[in-house]
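Participant: So that we are looking at the same thing, I have put the structure below in structure tokens.
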Amino acid sequence: METSACTVTVIVPVYNAERYIRRISEALVNQDFFHYEILFVNDGSTDGTLEILSDVCRENEKQLITVISIENAGVSNARNVGVQNAKGQFITFVDSDDLVTPDYLTNLYDPFKNNVRGDLISMVNTTYVDGITIDVQERKSASCMDFESALRLMLERTRVIDVDVWGKMFPKSLLKKNLFTPNIIFEDLDIWPRLLKSSQIKDIYISGTYSYIHIEREGSLMHSNASMIDGTVIDVINQGMNIVVEEFPTLLTAYTERTISALSGVLEKSMGKIFIGEMKCLSIFVNMLHLVIL
């Protein structure tokens, strides 16, 4: 596969990340990869994030960084804006409060060098840090598997493959046809069945390297999902389940259990705080159990 002036676009959705944004920008600027760009999508930050990003742009001699500021509309919309403005043939997502190693982009892009069809997704191993403990995915050596088998491992939470979109590289053409659904929780669970149905992707290449460091903290998106529960969640889950039932019925149990597990986590965090969110969670449980029984 030929290398263009901009081969890879790194998309970083940003919201009130003044404590972390300089750290991740430095990690991305200092990659051992060439021919890439970094798009920070500032999702209506109200702190000093934009000022710091402006300073980072001025300081960056490589001129790799572009900042796009939009009104606050959530991480899915920010990712979509990044996809629509990306110059690279391939896209990877990085969260603003996470970290990557200097060989992150190299490890993600290497599998595409000899893949002229562009029919795969690559990913690296993830190290999880919650401020107290460090956990790593249960995988060491590189491997390649078909997309359906990979999705099963994601849904079964085997810690071999995670369902999050960060730490992975996608062909831009695939994402432009399958944008993220705005204003929902569990956006990762929503997009994977749609990517699988698109049939463009045949395999997922899993690197043997640990190049992405996910830092779990209170206040991040994954810790504030309960307030976003509304009727669209049921629609999104139903859509995902319909795809699984029609196209990949062997994955139905895994998809159902994974979604219920995610909802349980939100319910646990919201207990005693967001009663309406709890009731919506329970209504989704009932709806999903009804689908499975049928």
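Residue numbers start at 1 in each chain; chains themselves are named A, B, ... in the order of the structure tokens; ligands are numbered from 1 in the order shown.
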Can you pull out every residue within 10 Å of Trp166 (chain A), counting only C-alpha atoms, but drop anything in the same chain fewer than 4 positions away, and send it as number ranges by chain?

Facilitator: A: 11-12, 92-95, 98, 123-124, 126, 162, 188, 212, 214

Participant: Any chance you can output those residues with C-alpha atoms as an mmCIF file, in the first residue's frame?

Facilitator:
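The resulting again_17.cif:
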```cif
data_model
loop_
_atom_site.group_PDB
_atom_site.id
_atom_site.type_symbol
_atom_site.label_atom_id
_atom_site.label_comp_id
_atom_site.auth_asym_id
_atom_site.auth_seq_id
_atom_site.Cartn_x
_atom_site.Cartn_y
_atom_site.Cartn_z
ATOM 1 C CA ILE A 11 -8.696 11.956 16.334
ATOM 2 C CA VAL A 12 -8.813 13.166 19.932
ATOM 3 C CA THR A 92 -7.287 5.974 15.102
ATOM 4 C CA PHE A 93 -9.047 7.413 18.137
ATOM 5 C CA VAL A 94 -7.315 8.436 21.361
ATOM 6 C CA ASP A 95 -9.013 9.712 24.518
ATOM 7 C CA ASP A 98 -5.066 8.534 28.093
ATOM 8 C CA MET A 123 -5.415 -2.917 17.271
ATOM 9 C CA VAL A 124 -2.767 -2.844 19.984
ATOM 10 C CA THR A 126 -4.096 -1.905 26.288
ATOM 11 C CA ASP A 162 -11.935 -4.710 24.293
ATOM 12 C CA ASP A 188 -18.971 1.486 21.106
ATOM 13 C CA TYR A 212 -2.167 2.177 24.593
ATOM 14 C CA HIS A 214 -6.130 3.760 29.329
#
```

Participant: Determine, counting only C-alpha atoms, which protein, DNA and RNA residues have an atom within 10 Å of an atom of region 144-157 of chain A; residues of the same chain fewer than 3 positions away are not included. Present the result as a ChimeraX atom specification.

Facilitator: /A:111,120-122,160-164,189,192-193,195-197,199,201-207,248,250-259,261

Participant: Give me the residues near Tyr15 (chain A) as a list in words, where near means some atom within 9 Å (using only C-alpha atoms) and where sequence neighbours in that chain fewer than 5 positions away do not count.

Facilitator: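 The neighbour list is Val41, Asn42, Asp43, Gly44, Ser45, Thr46, Asp47, Thr49, Asn72, Gly74, Val75 and Ser96 of chain A.
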
Participant: From the DSSP assignment of the backbone, select every residue of region 45-200 of chain A that is helix (DSSP H, G or I), and format the answer as an MDAnalysis selection string.

Facilitator: chainID A and resid 49:59 75:85 104:112 147:155 172:177 187:197

Participant: Tell me, in Å to one decimal, how far CA of Phe33 (chain A) is from CA of Lys87 (chain A).

Facilitator: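 Answer for the CA of Phe33 (chain A) to CA of Lys87 (chain A) separation: 15.9 Å.
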
Participant: Can you pull out the residues contacting Asn30 (chain A)? Cut-off 12 Å, using only C-alpha atoms, and skip same-chain residues under 6 positions away; I want them as a PyMOL selection string.

Facilitator: chain A and resi 23-24+36-38+60-62+64-65+99-106

Participant: Just write the chosen residues, C-alpha atoms, as a CSV table (one decimal), in the first residue's frame.

Facilitator:
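Dumped to again_23.csv:
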```csv
chain,number,residue,atom,x,y,z
A,23,ARG,CA,0.5,15.3,28.2
A,24,ILE,CA,-1.4,13.4,25.4
A,36,TYR,CA,0.2,11.7,10.0
A,37,GLU,CA,-1.9,14.4,11.5
A,38,ILE,CA,-3.5,15.0,14.9
A,60,ASN,CA,4.6,22.3,17.5
A,61,GLU,CA,7.4,22.7,14.8
A,62,LYS,CA,6.2,19.7,12.9
A,64,LEU,CA,1.0,18.1,12.9
A,65,ILE,CA,-1.8,19.5,15.0
A,99,LEU,CA,-1.5,7.9,27.0
A,100,VAL,CA,0.2,6.1,24.1
A,101,THR,CA,3.8,4.8,23.6
A,102,PRO,CA,6.1,6.3,20.9
A,103,ASP,CA,5.5,3.3,18.6
A,104,TYR,CA,1.7,3.4,18.9
A,105,LEU,CA,1.0,4.5,15.3
A,106,THR,CA,3.7,2.3,13.8
```

Participant: Neighbouring residues of Asn178 (chain A) were defined as those with any atom within 9 Å, considering only C-alpha atoms; residues of the same chain fewer than 2 positions away were excluded. Please report them as number ranges by chain.

Facilitator: A: 173-176, 180-181, 191, 194-195, 198

Participant: Please, which residues of region 7-244 of chain A, numbered as in this document, come out strand (DSSP E) from DSSP, as JSON, numbers by chain?

Facilitator: {"A": [8, 9, 10, 11, 12, 13, 14, 36, 37, 38, 39, 40, 41, 42, 43, 65, 66, 67, 68, 69, 70, 90, 91, 92, 93, 99, 100, 120, 121, 122, 123, 124, 125, 126, 127, 128, 129, 134, 135, 136, 143, 144, 145, 146, 168, 169, 170, 171, 203, 204, 205, 206, 207, 208, 209, 210, 211, 212, 213, 214, 215]}

Participant: Would you save the residues from that selection as a JSON list (two decimals), in the first residue's frame, using C-alpha atoms?

Facilitator:
```
[["chain", "number", "residue", "atom", "x", "y", "z"],
["A", 8, "VAL", "CA", -3.02, 8.36, 9.35],
["A", 9, "THR", "CA", -5.29, 10.77, 11.21],
["A", 10, "VAL", "CA", -5.37, 10.66, 15.01],
["A", 11, "ILE", "CA", -8.70, 11.96, 16.33],
["A", 12, "VAL", "CA", -8.81, 13.17, 19.93],
["A", 13, "PRO", "CA", -12.23, 14.31, 21.24],
["A", 14, "VAL", "CA", -11.65, 16.85, 23.99],
["A", 36, "TYR", "CA", 0.23, 11.65, 10.03],
["A", 37, "GLU", "CA", -1.91, 14.42, 11.48],
["A", 38, "ILE", "CA", -3.51, 15.01, 14.87],
["A", 39, "LEU", "CA", -7.06, 16.40, 15.04],
["A", 40, "PHE", "CA", -8.18, 17.69, 18.42],
["A", 41, "VAL", "CA", -11.95, 18.20, 18.36],
["A", 42, "ASN", "CA", -12.73, 20.63, 21.16],
["A", 43, "ASP", "CA", -16.29, 19.75, 22.19],
["A", 65, "ILE", "CA", -1.83, 19.52, 14.97],
["A", 66, "THR", "CA", -5.20, 20.92, 13.93],
["A", 67, "VAL", "CA", -7.81, 22.08, 16.44],
["A", 68, "ILE", "CA", -11.50, 22.11, 15.52],
["A", 69, "SER", "CA", -13.85, 23.79, 18.00],
["A", 70, "ILE", "CA", -17.54, 22.91, 18.03],
["A", 90, "PHE", "CA", -6.66, 5.47, 8.18],
["A", 91, "ILE", "CA", -8.04, 6.72, 11.47],
["A", 92, "THR", "CA", -7.29, 5.97, 15.10],
["A", 93, "PHE", "CA", -9.05, 7.41, 18.14],
["A", 99, "LEU", "CA", -1.48, 7.91, 26.96],
["A", 100, "VAL", "CA", 0.23, 6.12, 24.08],
["A", 120, "LEU", "CA", -8.98, -5.18, 8.12],
["A", 121, "ILE", "CA", -8.90, -3.31, 11.42],
["A", 122, "SER", "CA", -5.75, -3.32, 13.54],
["A", 123, "MET", "CA", -5.42, -2.92, 17.27],
["A", 124, "VAL", "CA", -2.77, -2.84, 19.98],
["A", 125, "ASN", "CA", -2.88, -4.20, 23.52],
["A", 126, "THR", "CA", -4.10, -1.91, 26.29],
["A", 127, "THR", "CA", -2.76, -1.29, 29.77],
["A", 128, "TYR", "CA", -5.44, -0.15, 32.25],
["A", 129, "VAL", "CA", -4.57, 2.21, 35.08],
["A", 134, "ILE", "CA", -2.27, -1.54, 36.70],
["A", 135, "ASP", "CA", -4.03, -4.20, 34.65],
["A", 136, "VAL", "CA", -3.09, -5.51, 31.21],
["A", 143, "SER", "CA", -2.45, -12.72, 15.84],
["A", 144, "CYS", "CA", -5.09, -12.24, 13.16],
["A", 145, "MET", "CA", -8.68, -13.45, 13.37],
["A", 146, "ASP", "CA", -11.88, -13.08, 11.41],
["A", 168, "LYS", "CA", -7.50, 0.59, 17.08],
["A", 169, "MET", "CA", -6.99, 1.72, 13.47],
["A", 170, "PHE", "CA", -9.80, 1.81, 10.91],
["A", 171, "PRO", "CA", -9.92, 2.53, 7.17],
["A", 203, "ASP", "CA", -10.15, -9.59, 9.73],
["A", 204, "ILE", "CA", -8.83, -7.90, 12.84],
["A", 205, "TYR", "CA", -5.07, -7.88, 13.33],
["A", 206, "ILE", "CA", -4.04, -7.85, 16.98],
["A", 207, "SER", "CA", -0.57, -6.54, 17.70],
["A", 208, "GLY", "CA", 1.62, -8.19, 20.28],
["A", 209, "THR", "CA", 2.59, -4.81, 21.71],
["A", 210, "TYR", "CA", 1.16, -2.85, 24.63],
["A", 211, "SER", "CA", 1.00, 0.62, 23.13],
["A", 212, "TYR", "CA", -2.17, 2.18, 24.59],
["A", 213, "ILE", "CA", -2.54, 3.20, 28.23],
["A", 214, "HIS", "CA", -6.13, 3.76, 29.33],
["A", 215, "ILE", "CA", -6.43, 5.78, 32.51]]
```

Participant: Counting only C-alpha atoms, figure out which residue out of A:Met241, A:Ala73, A:Ile21, A:Leu28 gets nearest to Ser54 (chain A).

Facilitator: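 Among A:Met241, A:Ala73, A:Ile21, A:Leu28, it is A:Ile21 that comes nearest to Ser54 (chain A).
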
Participant: Of the candidates A:Lys177, A:Arg79, A:Glu247, A:Glu187, which one gets nearest to Ala262 (chain A) if we count only C-alpha atoms?

Facilitator: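 Nearest candidate to Ala262 (chain A) out of A:Lys177, A:Arg79, A:Glu247, A:Glu187: A:Glu187.
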